[in-house]
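Quick look at my_file.json (JSON, C-alpha atoms):
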```json
[["chain", "number", "residue", "atom", "x", "y", "z"],
["I", 1478, "MET", "CA", -110.02, -122.84, 40.63],
["I", 1479, "THR", "CA", -113.21, -123.94, 38.82],
["I", 1480, "THR", "CA", -113.03, -125.06, 35.16],
["I", 1481, "GLN", "CA", -115.67, -125.80, 32.58],
["I", 1482, "PRO", "CA", -116.37, -129.28, 31.14],
["I", 1483, "ASN", "CA", -114.87, -129.88, 27.68],
["I", 1484, "GLU", "CA", -116.64, -131.44, 24.80],
["I", 1485, "HIS", "CA", -115.24, -134.97, 25.48],
["I", 1486, "GLU", "CA", -116.50, -135.34, 29.12],
["I", 1487, "SER", "CA", -119.91, -135.46, 30.71],
["I", 1488, "ARG", "CA", -121.08, -133.07, 33.39],
["I", 1489, "GLY", "CA", -120.75, -135.83, 36.03],
["I", 1490, "ASP", "CA", -117.13, -136.45, 35.08],
["I", 1491, "TRP", "CA", -116.45, -132.72, 35.25],
["I", 1492, "LEU", "CA", -117.98, -132.42, 38.74],
["I", 1493, "HIS", "CA", -115.90, -135.36, 39.97],
["I", 1494, "ARG", "CA", -112.71, -133.86, 38.53],
["I", 1495, "ASP", "CA", -113.44, -130.38, 39.84],
["I", 1496, "ALA", "CA", -114.07, -131.63, 43.40],
["I", 1497, "ARG", "CA", -110.40, -132.54, 43.70],
["I", 1498, "TYR", "CA", -109.49, -128.87, 43.46],
["I", 1499, "ALA", "CA", -112.27, -127.57, 45.68],
["I", 1500, "ASP", "CA", -111.47, -125.75, 48.91],
["I", 1501, "PRO", "CA", -111.25, -128.21, 51.88],
["I", 1502, "SER", "CA", -113.97, -126.32, 53.75],
["I", 1503, "THR", "CA", -116.46, -127.00, 50.94],
["I", 1504, "ARG", "CA", -115.81, -130.71, 50.58],
["I", 1505, "ARG", "CA", -118.42, -133.20, 51.64],
["I", 1506, "GLY", "CA", -117.24, -135.80, 54.12],
["I", 1507, "HIS", "CA", -116.35, -136.42, 57.80],
["I", 1508, "VAL", "CA", -115.55, -133.39, 59.91],
["I", 1509, "GLY", "CA", -112.27, -134.97, 60.99],
["I", 1510, "LEU", "CA", -110.99, -134.56, 57.46],
["I", 1511, "LEU", "CA", -110.93, -130.81, 57.96],
["I", 1512, "ALA", "CA", -108.10, -131.11, 60.47],
["I", 1513, "ALA", "CA", -106.09, -133.15, 57.99],
["I", 1514, "GLY", "CA", -106.68, -130.47, 55.43],
["I", 1515, "GLY", "CA", -104.92, -127.85, 57.52],
["I", 1516, "SER", "CA", -107.89, -126.12, 59.12],
["I", 1517, "PRO", "CA", -106.92, -123.40, 61.66],
["I", 1518, "ALA", "CA", -108.85, -125.32, 64.29],
["I", 1519, "SER", "CA", -106.33, -128.15, 64.02],
["I", 1520, "SER", "CA", -103.66, -125.97, 65.68],
["I", 1521, "TYR", "CA", -105.60, -125.73, 68.96],
["I", 1522, "ARG", "CA", -104.27, -127.91, 71.76],
["I", 1523, "ALA", "CA", -105.82, -127.57, 75.21],
["I", 1524, "GLY", "CA", -102.57, -128.72, 76.80],
["I", 1525, "HIS", "CA", -100.63, -125.90, 75.14],
["I", 1526, "THR", "CA", -102.74, -123.04, 76.46],
["I", 1527, "LEU", "CA", -101.42, -120.69, 79.15],
["I", 1528, "PRO", "CA", -97.87, -122.12, 79.45],
["I", 1529, "LEU", "CA", -96.21, -121.87, 82.85],
["I", 1530, "ARG", "CA", -93.48, -119.66, 81.42],
["I", 1531, "VAL", "CA", -96.04, -117.14, 80.16],
["I", 1532, "GLU", "CA", -97.93, -117.07, 83.45],
["I", 1533, "LEU", "CA", -94.70, -116.81, 85.46],
["I", 1534, "VAL", "CA", -93.50, -113.85, 83.39],
["I", 1535, "ARG", "CA", -96.90, -112.15, 83.79],
["I", 1536, "GLN", "CA", -96.75, -112.53, 87.57],
["I", 1537, "LEU", "CA", -93.12, -111.44, 87.84],
["I", 1538, "LYS", "CA", -93.92, -108.24, 85.96],
["I", 1539, "ARG", "CA", -96.64, -107.31, 88.42],
["I", 1540, "ARG", "CA", -95.82, -104.60, 90.94],
["I", 1541, "ARG", "CA", -97.14, -106.58, 93.91],
["I", 1542, "THR", "CA", -94.71, -109.43, 93.15],
["I", 1543, "GLN", "CA", -91.75, -107.09, 92.91],
["I", 1544, "VAL", "CA", -92.71, -105.20, 96.08],
["I", 1545, "THR", "CA", -93.25, -108.46, 98.02],
["I", 1546, "PHE", "CA", -89.86, -109.88, 97.08],
["I", 1547, "GLY", "CA", -88.24, -106.53, 97.78],
["I", 1548, "LEU", "CA", -89.71, -106.30, 101.28],
["I", 1549, "VAL", "CA", -88.81, -109.90, 102.11],
["I", 1550, "ALA", "CA", -85.21, -109.32, 101.02],
["I", 1551, "LEU", "CA", -85.03, -105.97, 102.82],
["I", 1552, "LEU", "CA", -86.43, -107.18, 106.15],
["I", 1553, "PRO", "CA", -83.16, -108.74, 107.46],
["I", 1554, "VAL", "CA", -81.37, -105.47, 106.68],
["I", 1555, "ILE", "CA", -84.04, -103.56, 108.62],
["I", 1556, "LEU", "CA", -83.61, -105.94, 111.57],
["I", 1557, "TRP", "CA", -79.83, -105.47, 111.50],
["I", 1558, "ILE", "CA", -80.24, -101.67, 111.50],
["I", 1559, "ALA", "CA", -82.69, -101.91, 114.41],
["I", 1560, "PHE", "CA", -80.25, -104.06, 116.39],
["I", 1561, "SER", "CA", -77.46, -101.61, 115.63],
["I", 1562, "LEU", "CA", -79.45, -98.70, 117.03],
["I", 1563, "THR", "CA", -80.25, -100.42, 120.33],
["I", 1564, "SER", "CA", -77.96, -99.82, 123.26],
["I", 1565, "ASP", "CA", -76.19, -102.82, 124.80],
["I", 1566, "ASP", "CA", -75.66, -101.81, 128.43],
["I", 1567, "GLY", "CA", -75.58, -105.39, 129.77],
["I", 1568, "ALA", "CA", -77.65, -104.44, 132.82],
["I", 1569, "GLY", "CA", -79.83, -107.54, 132.69],
["I", 1570, "THR", "CA", -78.71, -111.06, 133.49],
["I", 1571, "SER", "CA", -81.30, -112.97, 131.44],
["I", 1572, "VAL", "CA", -80.69, -113.79, 127.81],
["I", 1573, "ASN", "CA", -83.50, -113.15, 125.32],
["I", 1574, "LEU", "CA", -83.93, -113.93, 121.63],
["I", 1575, "VAL", "CA", -82.61, -110.53, 120.57],
["I", 1576, "ASP", "CA", -79.38, -111.13, 122.47],
["I", 1577, "LEU", "CA", -79.07, -114.55, 120.88],
["I", 1578, "ALA", "CA", -79.72, -113.07, 117.43],
["I", 1579, "LYS", "CA", -76.51, -111.06, 117.70],
["I", 1580, "GLY", "CA", -74.45, -114.16, 118.45],
["I", 1581, "GLY", "CA", -73.90, -115.15, 114.82],
["I", 1582, "GLY", "CA", -75.35, -115.39, 111.36],
["I", 1583, "THR", "CA", -77.35, -118.53, 112.05],
["I", 1584, "ASN", "CA", -78.83, -117.07, 115.23],
["I", 1585, "PHE", "CA", -79.83, -113.99, 113.28],
["I", 1586, "ALA", "CA", -81.52, -116.13, 110.58],
["I", 1587, "VAL", "CA", -83.42, -118.16, 113.19],
["I", 1588, "PHE", "CA", -84.63, -114.97, 114.86],
["I", 1589, "ALA", "CA", -85.82, -113.57, 111.51],
["I", 1590, "LEU", "CA", -87.75, -116.77, 110.84],
["I", 1591, "PHE", "CA", -89.31, -116.72, 114.31],
["I", 1592, "ALA", "CA", -90.33, -113.08, 113.91],
["I", 1593, "THR", "CA", -92.01, -113.50, 110.52],
["I", 1594, "ALA", "CA", -93.46, -117.03, 110.34],
["I", 1595, "GLY", "CA", -96.57, -116.21, 112.35],
["I", 1596, "PHE", "CA", -97.81, -113.26, 110.29],
["I", 1597, "LEU", "CA", -95.62, -111.81, 107.53],
["I", 1598, "LEU", "CA", -94.99, -115.09, 105.73],
["I", 1599, "VAL", "CA", -98.69, -115.95, 106.07],
["I", 1600, "VAL", "CA", -99.48, -112.69, 104.27],
["I", 1601, "VAL", "CA", -96.98, -113.52, 101.52],
["I", 1602, "VAL", "CA", -98.56, -116.92, 100.79],
["I", 1603, "ALA", "CA", -102.09, -115.54, 101.03],
["I", 1604, "LEU", "CA", -101.18, -112.71, 98.67],
["I", 1605, "PHE", "CA", -99.80, -114.91, 95.90],
["I", 1606, "PHE", "CA", -102.64, -117.44, 96.06],
["I", 1607, "GLY", "CA", -105.53, -115.15, 96.99],
["I", 1608, "ASP", "CA", -104.75, -112.60, 94.31],
["I", 1609, "THR", "CA", -104.10, -114.96, 91.41],
["I", 1610, "VAL", "CA", -107.67, -115.62, 90.16],
["I", 1611, "ALA", "CA", -109.57, -112.84, 91.93],
["I", 1612, "SER", "CA", -107.39, -110.19, 90.31],
["I", 1613, "GLU", "CA", -108.26, -111.51, 86.84],
["I", 1614, "ALA", "CA", -111.94, -111.29, 87.75],
["I", 1615, "SER", "CA", -111.54, -107.76, 89.12],
["I", 1616, "TRP", "CA", -109.89, -106.71, 85.83],
["I", 1617, "SER", "CA", -112.71, -108.38, 83.86],
["I", 1618, "SER", "CA", -110.10, -110.48, 82.05],
["I", 1619, "LEU", "CA", -110.98, -113.89, 83.51],
["I", 1620, "ARG", "CA", -113.74, -114.58, 81.02],
["I", 1621, "TYR", "CA", -111.43, -113.68, 78.14],
["I", 1622, "LEU", "CA", -108.82, -116.16, 79.40],
["I", 1623, "LEU", "CA", -111.48, -118.87, 79.50],
["I", 1624, "ALA", "CA", -112.66, -117.86, 76.02],
["I", 1625, "ALA", "CA", -109.13, -118.26, 74.59],
["I", 1626, "PRO", "CA", -110.15, -121.07, 75.22],
["I", 1627, "VAL", "CA", -108.18, -122.15, 78.27],
["I", 1628, "PRO", "CA", -109.81, -125.09, 80.13],
["I", 1629, "ARG", "CA", -110.83, -124.11, 83.65],
["I", 1630, "ALA", "CA", -108.94, -126.94, 85.29],
["I", 1631, "ARG", "CA", -105.76, -126.04, 83.42],
["I", 1632, "LEU", "CA", -106.08, -122.33, 84.16],
["I", 1633, "LEU", "CA", -106.48, -122.98, 87.88],
["I", 1634, "ARG", "CA", -103.63, -125.49, 87.91],
["I", 1635, "GLN", "CA", -101.21, -123.22, 86.06],
["I", 1636, "LYS", "CA", -101.98, -120.28, 88.32],
["I", 1637, "ALA", "CA", -101.66, -122.42, 91.45],
["I", 1638, "ILE", "CA", -98.28, -123.80, 90.34],
["I", 1639, "VAL", "CA", -96.91, -120.34, 89.62],
["I", 1640, "ALA", "CA", -98.29, -118.99, 92.91],
["I", 1641, "GLY", "CA", -96.69, -121.90, 94.75],
["I", 1642, "LEU", "CA", -93.35, -121.31, 93.05],
["I", 1643, "LEU", "CA", -93.38, -117.62, 93.95],
["I", 1644, "SER", "CA", -94.44, -118.35, 97.54],
["I", 1645, "PHE", "CA", -91.78, -121.01, 98.08],
["I", 1646, "THR", "CA", -89.10, -118.74, 96.63],
["I", 1647, "ALA", "CA", -90.13, -115.84, 98.87],
["I", 1648, "LEU", "CA", -90.24, -118.06, 101.97],
["I", 1649, "LEU", "CA", -86.74, -119.39, 101.33],
["I", 1650, "LEU", "CA", -85.43, -115.97, 100.34],
["I", 1651, "LEU", "CA", -85.90, -114.69, 103.88],
["I", 1652, "PRO", "CA", -83.62, -117.16, 105.73],
["I", 1653, "VAL", "CA", -81.05, -117.05, 102.91],
["I", 1654, "VAL", "CA", -80.77, -113.25, 103.01],
["I", 1655, "ALA", "CA", -80.85, -113.31, 106.81],
["I", 1656, "LEU", "CA", -77.96, -115.79, 106.83],
["I", 1657, "VAL", "CA", -75.91, -113.57, 104.54],
["I", 1658, "VAL", "CA", -76.67, -110.35, 106.45],
["I", 1659, "GLY", "CA", -76.21, -111.99, 109.85],
["I", 1660, "THR", "CA", -72.93, -113.62, 108.87],
["I", 1661, "LEU", "CA", -71.52, -110.36, 107.54],
["I", 1662, "ALA", "CA", -72.68, -108.48, 110.65],
["I", 1663, "TYR", "CA", -72.11, -110.98, 113.45],
["I", 1664, "GLY", "CA", -69.74, -113.61, 112.09],
["I", 1665, "THR", "CA", -69.86, -117.39, 111.87],
["I", 1666, "GLY", "CA", -70.38, -118.25, 115.51],
["I", 1667, "ASP", "CA", -72.20, -121.37, 116.66],
["I", 1668, "LEU", "CA", -75.97, -121.43, 116.83],
["I", 1669, "VAL", "CA", -77.03, -121.19, 120.48],
["I", 1670, "SER", "CA", -80.60, -122.17, 121.35],
["I", 1671, "PRO", "CA", -82.55, -120.73, 124.31],
["I", 1672, "THR", "CA", -82.00, -124.04, 126.11],
["I", 1673, "GLY", "CA", -78.22, -123.61, 125.89],
["I", 1674, "GLU", "CA", -77.50, -126.20, 123.20],
["I", 1675, "SER", "CA", -75.15, -125.21, 120.40],
["I", 1676, "LEU", "CA", -74.56, -126.27, 116.81],
["I", 1677, "GLY", "CA", -71.69, -125.55, 114.44],
["I", 1678, "TYR", "CA", -72.14, -122.91, 111.77],
["I", 1679, "TRP", "CA", -72.61, -125.17, 108.76],
["I", 1680, "ALA", "CA", -74.87, -127.62, 110.57],
["I", 1681, "ALA", "CA", -76.92, -124.71, 111.88],
["I", 1682, "THR", "CA", -77.15, -123.24, 108.36],
["I", 1683, "GLY", "CA", -78.72, -126.46, 107.12],
["I", 1684, "ARG", "CA", -81.14, -126.49, 110.06],
["I", 1685, "ALA", "CA", -82.19, -122.88, 109.41],
["I", 1686, "LEU", "CA", -82.88, -123.58, 105.73],
["I", 1687, "LEU", "CA", -84.74, -126.77, 106.66],
["I", 1688, "GLY", "CA", -86.81, -124.67, 109.04],
["I", 1689, "GLY", "CA", -87.77, -122.44, 106.12],
["I", 1690, "VAL", "CA", -88.85, -125.51, 104.13],
["I", 1691, "TYR", "CA", -91.01, -126.69, 107.06],
["I", 1692, "VAL", "CA", -92.66, -123.27, 107.31],
["I", 1693, "ALA", "CA", -93.46, -123.46, 103.58],
["I", 1694, "VAL", "CA", -95.05, -126.90, 104.01],
["I", 1695, "ASN", "CA", -96.94, -125.78, 107.10],
["I", 1696, "LEU", "CA", -98.43, -122.84, 105.18],
["I", 1697, "LEU", "CA", -99.88, -125.04, 102.44],
["I", 1698, "TRP", "CA", -103.26, -124.83, 104.13],
["I", 1699, "VAL", "CA", -103.11, -121.02, 103.82],
["I", 1700, "ALA", "CA", -102.42, -121.45, 100.10],
["I", 1701, "GLY", "CA", -105.43, -123.75, 99.69],
["I", 1702, "LEU", "CA", -107.75, -121.46, 101.63],
["I", 1703, "ALA", "CA", -106.59, -118.35, 99.78],
["I", 1704, "LEU", "CA", -107.11, -120.07, 96.42],
["I", 1705, "LEU", "CA", -110.61, -121.19, 97.46],
["I", 1706, "LEU", "CA", -111.48, -117.62, 98.43],
["I", 1707, "SER", "CA", -109.86, -116.32, 95.23],
["I", 1708, "VAL", "CA", -112.19, -118.37, 93.01],
["I", 1709, "SER", "CA", -115.18, -117.43, 95.15],
["I", 1710, "THR", "CA", -114.87, -113.64, 95.01],
["I", 1711, "ASP", "CA", -113.95, -110.88, 92.60],
["I", 1712, "ALA", "CA", -112.18, -108.90, 95.34],
["I", 1713, "PRO", "CA", -108.48, -109.84, 95.72],
["I", 1714, "LEU", "CA", -108.18, -108.10, 99.09],
["I", 1715, "GLY", "CA", -111.13, -110.09, 100.37],
["I", 1716, "ALA", "CA", -109.44, -113.38, 99.46],
["I", 1717, "VAL", "CA", -106.09, -112.36, 100.94],
["I", 1718, "GLY", "CA", -107.62, -110.84, 104.06],
["I", 1719, "GLY", "CA", -109.89, -113.82, 104.64],
["I", 1720, "ALA", "CA", -106.97, -116.25, 104.62],
["I", 1721, "VAL", "CA", -104.87, -114.07, 106.93],
["I", 1722, "MET", "CA", -107.78, -113.52, 109.33],
["I", 1723, "THR", "CA", -108.44, -117.27, 109.51],
["I", 1724, "SER", "CA", -104.79, -117.85, 110.42],
["I", 1725, "ILE", "CA", -104.98, -115.24, 113.19],
["I", 1726, "VAL", "CA", -108.19, -116.76, 114.60],
["I", 1727, "SER", "CA", -106.60, -120.22, 114.53],
["I", 1728, "GLN", "CA", -103.56, -118.93, 116.42],
["I", 1729, "ILE", "CA", -105.82, -117.33, 119.05],
["I", 1730, "LEU", "CA", -107.82, -120.52, 119.51],
["I", 1731, "ASP", "CA", -104.59, -122.46, 119.88],
["I", 1732, "GLN", "CA", -103.79, -120.40, 122.98],
["I", 1733, "ILE", "CA", -106.99, -121.51, 124.73],
["I", 1734, "THR", "CA", -105.86, -124.45, 126.82],
["I", 1735, "ALA", "CA", -109.45, -125.35, 127.69],
["I", 1736, "LEU", "CA", -109.80, -126.78, 124.18],
["I", 1737, "GLU", "CA", -107.25, -129.44, 125.14],
["I", 1738, "ASP", "CA", -106.82, -132.07, 122.41],
["I", 1739, "LEU", "CA", -109.07, -130.20, 119.98],
["I", 1740, "ARG", "CA", -106.17, -127.80, 119.39],
["I", 1741, "ASP", "CA", -104.27, -130.59, 117.65],
["I", 1742, "TYR", "CA", -106.64, -130.26, 114.69],
["I", 1743, "LEU", "CA", -106.02, -126.56, 114.25],
["I", 1744, "PRO", "CA", -103.84, -125.87, 111.19],
["I", 1745, "THR", "CA", -101.58, -123.54, 113.20],
["I", 1746, "HIS", "CA", -101.03, -125.82, 116.20],
["I", 1747, "TYR", "CA", -97.68, -127.11, 114.95],
["I", 1748, "ALA", "CA", -96.60, -123.89, 113.23],
["I", 1749, "THR", "CA", -93.52, -123.51, 115.45],
["I", 1750, "ALA", "CA", -92.57, -127.19, 115.48],
["I", 1751, "TRP", "CA", -89.54, -126.37, 113.34],
["I", 1752, "SER", "CA", -87.87, -125.07, 116.52],
["I", 1753, "ASP", "CA", -87.09, -128.72, 117.29],
["I", 1754, "LEU", "CA", -84.45, -128.43, 114.57],
["I", 1755, "LEU", "CA", -82.38, -126.25, 116.90],
["I", 1756, "ALA", "CA", -81.65, -129.15, 119.25],
["I", 1757, "SER", "CA", -78.58, -131.33, 118.81],
["I", 1758, "ARG", "CA", -80.88, -134.35, 118.43],
["I", 1759, "ILE", "CA", -83.92, -133.60, 116.31],
["I", 1760, "ASP", "CA", -87.35, -134.74, 117.46],
["I", 1761, "TRP", "CA", -89.34, -135.23, 114.23],
["I", 1762, "GLY", "CA", -92.63, -136.05, 115.96],
["I", 1763, "ASP", "CA", -94.31, -132.64, 116.02],
["I", 1764, "MET", "CA", -92.94, -131.66, 112.61],
["I", 1765, "THR", "CA", -94.30, -134.85, 111.06],
["I", 1766, "ARG", "CA", -97.72, -134.28, 112.59],
["I", 1767, "GLY", "CA", -97.66, -130.64, 111.54],
["I", 1768, "ALA", "CA", -96.70, -131.44, 107.95],
["I", 1769, "PHE", "CA", -99.33, -134.19, 107.69],
["I", 1770, "GLY", "CA", -102.05, -131.96, 109.12],
["I", 1771, "SER", "CA", -101.22, -129.05, 106.84],
["I", 1772, "ILE", "CA", -101.10, -131.27, 103.74],
["I", 1773, "THR", "CA", -104.46, -132.78, 104.67],
["I", 1774, "TRP", "CA", -106.05, -129.36, 105.13],
["I", 1775, "ALA", "CA", -104.48, -128.18, 101.87],
["I", 1776, "ALA", "CA", -105.73, -131.21, 99.88],
["I", 1777, "VAL", "CA", -109.31, -130.58, 101.02],
["I", 1778, "LEU", "CA", -109.15, -126.84, 100.35],
["I", 1779, "PHE", "CA", -107.52, -127.22, 96.92],
["I", 1780, "ALA", "CA", -110.17, -129.79, 95.96],
["I", 1781, "LEU", "CA", -112.92, -127.41, 97.07],
["I", 1782, "ALA", "CA", -111.32, -124.61, 95.07],
["I", 1783, "ALA", "CA", -111.26, -126.76, 91.92],
["I", 1784, "TRP", "CA", -114.88, -127.84, 92.49],
["I", 1785, "ARG", "CA", -116.02, -124.26, 93.08],
["I", 1786, "PHE", "CA", -114.20, -122.85, 90.07],
["I", 1787, "HIS", "CA", -115.50, -125.59, 87.77],
["I", 1788, "ARG", "CA", -119.09, -124.70, 88.66],
["I", 1789, "LYS", "CA", -118.69, -120.95, 88.93],
["I", 1790, "ASP", "CA", -120.59, -118.72, 86.51],
["I", 1791, "VAL", "CA", -117.78, -116.47, 85.28],
["I", 1792, "THR", "CA", -119.17, -113.10, 84.23],
["I", 1793, "SER", "CA", -116.14, -110.88, 84.77]]
```
Spell out the structure here as structure tokens.
Amino acid sequence: MTTQPNEHESRGDWLHRDARYADPSTRRGHVGLLAAGGSPASSYRAGHTLPLRVELVRQLKRRRTQVTFGLVALLPVILWIAFSLTSDDGAGTSVNLVDLAKGGGTNFAVFALFATAGFLLVVVVALFFGDTVASEASWSSLRYLLAAPVPRARLLRQKAIVAGLLSFTALLLLPVVALVVGTLAYGTGDLVSPTGESLGYWAATGRALLGGVYVAVNLLWVAGLALLLSVSTDAPLGAVGGAVMTSIVSQILDQITALEDLRDYLPTHYATAWSDLLASRIDWGDMTRGAFGSITWAAVLFALAAWRFHRKDVTS
């Protein structure tokens, strides 16, 4: 509140006294003093924008997340129903994977992982990572997130962490549900591999879950590629489809024996190396090479995604 000088003080003394009661925004001095004076700008912290909890809740509320988790959890039930409808006449003498799948809960879980790792789980990872940024651009909300202002590096990191958490949960959900369904339907028999080796139920349960973890690590390159495509396009389906198509092409090239040692550098070459876990003595060689190769591919692709997003002109 401004007062008038009294008869015992000069105008200079009055101005000096009145400045103490002036609004902070009108004071003369260093701009840093405004923050100390309680300016609204002082409440902004770049590290507090877009918390993981907020982003996770946003993604969990989306229909595509709910449908994806529902289908992954329902797939073992669908497989059990399909096995129940098939006739078991015992005419053949050879044993196939379907016959082994009915031998116990762990066999059923291994079969479910074999049946889905090459395509369905690739789609799940590509969906969570390929849709995360591109969907914001397609809704024309990406520029508003950046104007919040959320730093680009932080926005991409938060979305990648949440996408990774959802992907890892979905990939482990499949063998866990398959173990439960298979155990209830076929009992707790030993795990029998196609080579005739067997493992006890609890040891085989650990191997099946470890196989799911390896599949998640092996699909890191799909996550990196899908994120790179997601920051490069405004079409979520294009990002998801591009990552899935690349995986299919890599699997086809891996079947061409004429490529010889060049196949070792394909990201899908060691995709089924987790089958070594089914032996009584585990050979970690191929799984180590597969994990190292996938992590290397992922590091390059994630770095390219960050570089691309940092330089992208966001208009949507």
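For the residues I:Gly1715, I:Pro1671, I:Gly1607, I:Gly1664, ranking by smallest atom-to-atom distance to I:Asp1576 using only C-alpha atoms places I:Pro1671 first.
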| How far is it from atom CA of I:Ala1750 to atom CA of I:Leu1686, in Å with one decimal? | 14.2 Å
| request: May I ask which of the residues I:Ala1611, I:Leu1755, I:Val1587, I:Leu1697 is the closest one to I:Ala1680, counting all atoms listed in the file? | output: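 Of I:Ala1611, I:Leu1755, I:Val1587, I:Leu1697, the one nearest I:Ala1680 is I:Leu1755, counting all atoms listed in the file.
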If I wrap all listed atoms of stretch 1697-1705 of chain I in a box with edges along x, y and z and add 4 Å on each side, what are its centre and edge lengths in Å to one decimal, as lines of an AutoDock Vina configuration file?
```
center_x = -105.2
center_y = -121.7
center_z = 100.3
size_x = 18.7
size_y = 14.7
size_z = 15.7
```
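Shortest atom-to-atom contact with I:Phe1588 among I:Ala1768, I:Leu1676, I:Ala1720, I:Leu1668: I:Leu1668, counting only C-alpha atoms.
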| Interatomic distance between atom CA of I:Pro1528 and atom CA of I:Arg1788? |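 Calculated distance between atom CA of I:Pro1528 and atom CA of I:Arg1788 is 23.3 Å.
Atom CA of I:Ser1670 is found 7.4 Å from atom CA of I:Ala1756.
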| message | as a PyMOL selection string, please: the residues near stretch 1735-1742 of chain I (cut-off 12 Å, all atoms listed in the file, same-chain neighbours under 2 positions excluded). | response | chain I and resi 1727-1733+1744-1748+1763+1766-1767+1769-1771+1773-1774
| note | Of I:Val1777, I:Val1575, I:Val1610, I:Gly1595, the one nearest to I:Val1726 when counting all atoms listed in the file is I:Gly1595
| All residues 9 Å or closer to stretch 1637-1647 of chain I, only C-alpha atoms, same chain fewer than 6 positions away omitted, as a list in words | Leu1529, Arg1530, Glu1532, Leu1533, Gln1536, Leu1537, Thr1542, Thr1545, Phe1546, Val1549, Ala1550, Leu1598, Val1601, Val1602, Ala1603, Leu1604, Phe1605, Phe1606, Thr1609, Val1690, Ala1693, Val1694, Leu1697, Ala1700 and Leu1704 of chain I
Pick out the residues sitting within 7 Å of I:Ser1615, and hand them over as a short mmCIF file (atom, residue, chain, number, x, y, z; two decimals) with C-alpha atoms, in the frame of the given file; count all atoms listed in the file, and ignore anything fewer than 2 positions along from it in its own chain.
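Below you can see selection01.cif, which holds the result:
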```cif
data_model
loop_
_atom_site.label_atom_id
_atom_site.label_comp_id
_atom_site.auth_asym_id
_atom_site.auth_seq_id
_atom_site.Cartn_x
_atom_site.Cartn_y
_atom_site.Cartn_z
CA ALA I 1611 -109.57 -112.84 91.93
CA SER I 1612 -107.39 -110.19 90.31
CA GLU I 1613 -108.26 -111.51 86.84
CA SER I 1617 -112.71 -108.38 83.86
CA ASP I 1711 -113.95 -110.88 92.60
CA ALA I 1712 -112.18 -108.90 95.34
#
```
| task | Tell me, as a ChimeraX atom specification, which residues lie within 7 Å of stretch 1577-1581 of chain I, counting only C-alpha atoms; anything in the same chain fewer than 6 positions away does not count. | result | /I:1588,1659-1660,1663-1669
| Of the candidates I:Leu1706, I:Ala1630, I:Ile1555, I:Met1764, which one gets nearest to I:Gly1688 if we count only C-alpha atoms? |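 Once distances to I:Gly1688 are computed over only C-alpha atoms, the minimum belongs to I:Met1764.
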Please return stretch 1601-1613 of chain I, rebuilt to N, CA and C atoms, as a PDB file, keeping the file's coordinate frame.
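Written file, selection26.pdb:
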```pdb
ATOM      1  N   VAL I1601     -97.629-113.293 102.816  1.00  0.00           N
ATOM      2  CA  VAL I1601     -96.980-113.520 101.520  1.00  0.00           C
ATOM      3  C   VAL I1601     -97.673-114.654 100.757  1.00  0.00           C
ATOM      4  N   VAL I1602     -97.899-115.782 101.439  1.00  0.00           N
ATOM      5  CA  VAL I1602     -98.560-116.920 100.790  1.00  0.00           C
ATOM      6  C   VAL I1602     -99.990-116.566 100.410  1.00  0.00           C
ATOM      7  N   ALA I1603    -100.706-115.917 101.318  1.00  0.00           N
ATOM      8  CA  ALA I1603    -102.090-115.540 101.030  1.00  0.00           C
ATOM      9  C   ALA I1603    -102.168-114.556  99.879  1.00  0.00           C
ATOM     10  N   LEU I1604    -101.177-113.694  99.755  1.00  0.00           N
ATOM     11  CA  LEU I1604    -101.180-112.710  98.670  1.00  0.00           C
ATOM     12  C   LEU I1604    -101.010-113.379  97.310  1.00  0.00           C
ATOM     13  N   PHE I1605    -100.053-114.279  97.198  1.00  0.00           N
ATOM     14  CA  PHE I1605     -99.800-114.910  95.900  1.00  0.00           C
ATOM     15  C   PHE I1605    -100.956-115.817  95.477  1.00  0.00           C
ATOM     16  N   PHE I1606    -101.553-116.534  96.416  1.00  0.00           N
ATOM     17  CA  PHE I1606    -102.640-117.440  96.060  1.00  0.00           C
ATOM     18  C   PHE I1606    -103.999-116.745  96.036  1.00  0.00           C
ATOM     19  N   GLY I1607    -104.230-115.809  96.941  1.00  0.00           N
ATOM     20  CA  GLY I1607    -105.530-115.150  96.990  1.00  0.00           C
ATOM     21  C   GLY I1607    -105.741-114.147  95.888  1.00  0.00           C
ATOM     22  N   ASP I1608    -104.654-113.634  95.337  1.00  0.00           N
ATOM     23  CA  ASP I1608    -104.750-112.600  94.310  1.00  0.00           C
ATOM     24  C   ASP I1608    -104.759-113.177  92.896  1.00  0.00           C
ATOM     25  N   THR I1609    -104.385-114.439  92.740  1.00  0.00           N
ATOM     26  CA  THR I1609    -104.100-114.960  91.410  1.00  0.00           C
ATOM     27  C   THR I1609    -105.312-115.042  90.495  1.00  0.00           C
ATOM     28  N   VAL I1610    -106.459-115.515  90.982  1.00  0.00           N
ATOM     29  CA  VAL I1610    -107.670-115.620  90.160  1.00  0.00           C
ATOM     30  C   VAL I1610    -108.569-114.412  90.373  1.00  0.00           C
ATOM     31  N   ALA I1611    -108.690-113.969  91.628  1.00  0.00           N
ATOM     32  CA  ALA I1611    -109.570-112.840  91.930  1.00  0.00           C
ATOM     33  C   ALA I1611    -109.142-111.577  91.203  1.00  0.00           C
ATOM     34  N   SER I1612    -107.843-111.384  91.012  1.00  0.00           N
ATOM     35  CA  SER I1612    -107.390-110.190  90.310  1.00  0.00           C
ATOM     36  C   SER I1612    -107.820-110.216  88.845  1.00  0.00           C
ATOM     37  N   GLU I1613    -107.795-111.398  88.218  1.00  0.00           N
ATOM     38  CA  GLU I1613    -108.260-111.510  86.840  1.00  0.00           C
ATOM     39  C   GLU I1613    -109.747-111.163  86.751  1.00  0.00           C
TER      40      GLU I1613
END
```
